[in-house]
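Participant: The structure is given below, and queries will be raised subsequently.
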Amino acid sequence: MSVTSGLGGSLREQASPLLALMPTHGPQIDIATLTGGATCIDEAVDNLLAASRAMTRLEVEYLDIHPAHRGWARALAAGDRGARRELAKALRACHRVAVAPYWPQIRIHLASARDGYARTMAEDGVEGLLETVCAPLVRWRPPVLEVHHPHDADIQLRGRGLVIAPTVFSSRQVEVLQNLADPEQSPVLALPTVGGEMNDSAQWLVGESAEGALEDLVGRTRAAVLATVADGCSTTELACRLGISPATASQHASVLRRAALITTRRDGKAVLHTTTRLGAALLAATTHGFGP
């Protein structure tokens, strides 16, 4: 997906600290490691600001930073709070342009991709998934999983497992993400799921008529709740993503559950909400022509 057209004027300046850490050549910053398992932009920024100095240094010190930004990058690696706040501001700016306008469709698209992985593994096992996932960029040659990547490296899992994560922000390259500060964490294999025909940002915008139809049917907030739980989230996560109180989130979830549009199950101390087939069908019908 291209968002270059949205990065103009002052916004490009706001985003420049993040862009500086994503050089054209060589490795780029793994912002997902610094933001942790965030469920909304506010939580991501909080995690970024609270990330350890050691983790930040490891993510920054090996990057080929442009000379114009090297002083700022050194300050960031050294734990300077001002430099970290600039990076957080840049993250918010990029989220506002690259994620927020397209978030409902992104969530549906990624949920569909994950469902496909799950179906393949259920039918053909782990090896069946590894043999078919993201060919020809990924090739399974037991016991080695080969990934087409510009940088050569051998990664030994040593029983850690592998997280397979679909992404919409790359259409040509697989990324292997590792937490440099915690070698015990499983590596993440980020797989592109968007082809060239879906790179036009207009493909990801929900039309006003479709969006309005769903809102007219269930109400604006409940429409947002239904879209938000498409790939599963807890009540706390739902409240965070929509900017509402947990009590309000729980109330709307209860209404949608009684209408058989979502289902709720306990996951430890939390409850996890997901759409039912009926709820997913309703979302797909009201966004027809814009989904995967």
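Going by the structure tokens order, chains are called A, B, ..., each with residues numbered from 1, while ligands are numbered from 1 in the order shown.
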DSSP says helix (DSSP H, G or I) for which residues of range 76-266 of chain A? Put them as number ranges by chain?
Facilitator: A: 76-77, 81-98, 100-132, 196-198, 201-204, 208-218, 220-231, 235-242, 246-258
Participant: I'd like the neighbourhood of Pro192 in chain A as number ranges by chain, where a residue qualifies if any of its atoms comes within 12 Å (using only C-alpha atoms), though same-chain residues fewer than 2 positions away should be ignored.
Facilitator: A: 1, 109-110, 113, 133-138, 164-176, 189-190, 194-196, 198-199
Participant: Taking 5 positions as the minimum chain separation for residues in the same chain, which residues sit within 10 Å of range 232-249 of chain A when counting only C-alpha atoms? Answer as a list in words.
Facilitator: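 Skipping anything fewer than 5 positions along the chain leaves Ala38, Thr39, Cys40, Ile41, Asp42, Glu43, Arg107, Ala111, Thr221, Arg222, Ala224, Val225, Leu226, Ala227, Ser254, Ile262, Thr263, Thr264, Arg265, Arg266, Asp267, Ala270, Val271, Leu272, His273, Thr274 and Thr275 of chain A.
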Participant: What does the file look like for those residues with C-alpha atoms, as a PDB file, in the first residue's frame?
Facilitator:
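Writing the result to out09.pdb gives the following:
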```pdb
ATOM      1  CA  ALA A  38       0.243  -3.086  21.411  1.00  0.00           C
ATOM      2  CA  THR A  39      -3.446  -3.136  20.491  1.00  0.00           C
ATOM      3  CA  CYS A  40      -3.819   0.580  19.696  1.00  0.00           C
ATOM      4  CA  ILE A  41      -1.605   3.544  18.846  1.00  0.00           C
ATOM      5  CA  ASP A  42      -1.754   4.970  22.382  1.00  0.00           C
ATOM      6  CA  GLU A  43      -0.499   1.705  23.862  1.00  0.00           C
ATOM      7  CA  ARG A 107      -8.261  -5.852   9.977  1.00  0.00           C
ATOM      8  CA  ALA A 111      -8.100 -11.862   9.576  1.00  0.00           C
ATOM      9  CA  THR A 221     -20.500   2.637  18.038  1.00  0.00           C
ATOM     10  CA  ARG A 222     -21.716  -0.940  17.643  1.00  0.00           C
ATOM     11  CA  ALA A 224     -17.183   0.123  15.189  1.00  0.00           C
ATOM     12  CA  VAL A 225     -17.233  -2.607  17.846  1.00  0.00           C
ATOM     13  CA  LEU A 226     -18.170  -5.238  15.272  1.00  0.00           C
ATOM     14  CA  ALA A 227     -15.330  -4.189  12.950  1.00  0.00           C
ATOM     15  CA  SER A 254     -23.316  -7.870  25.028  1.00  0.00           C
ATOM     16  CA  ILE A 262     -20.048 -11.839  17.986  1.00  0.00           C
ATOM     17  CA  THR A 263     -19.068 -14.564  20.401  1.00  0.00           C
ATOM     18  CA  THR A 264     -17.253 -14.257  23.719  1.00  0.00           C
ATOM     19  CA  ARG A 265     -15.041 -16.764  25.514  1.00  0.00           C
ATOM     20  CA  ARG A 266     -12.855 -16.539  28.591  1.00  0.00           C
ATOM     21  CA  ASP A 267      -9.107 -16.291  28.001  1.00  0.00           C
ATOM     22  CA  ALA A 270      -9.886 -11.640  30.350  1.00  0.00           C
ATOM     23  CA  VAL A 271     -12.664 -12.367  27.880  1.00  0.00           C
ATOM     24  CA  LEU A 272     -12.005 -12.536  24.152  1.00  0.00           C
ATOM     25  CA  HIS A 273     -14.571 -11.243  21.653  1.00  0.00           C
ATOM     26  CA  THR A 274     -14.621 -12.398  18.016  1.00  0.00           C
ATOM     27  CA  THR A 275     -17.123 -12.098  15.188  1.00  0.00           C
TER      28      THR A 275
END
```
Participant: Identify which of the residues A:Val147, A:Arg257, A:Thr120, A:Ala32 lies closest to Thr132 in chain A, counting only C-alpha atoms when measuring atom-to-atom distances.
Facilitator: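 Once distances to Thr132 in chain A are computed over only C-alpha atoms, the minimum belongs to A:Thr120.
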Participant: Taking 2 positions as the minimum chain separation for residues in the same chain, which residues sit within 12 Å of Val126 in chain A when counting only C-alpha atoms? Answer as a ChimeraX atom specification.
Facilitator: /A:117-124,128-133,140,142,145,161-162,164
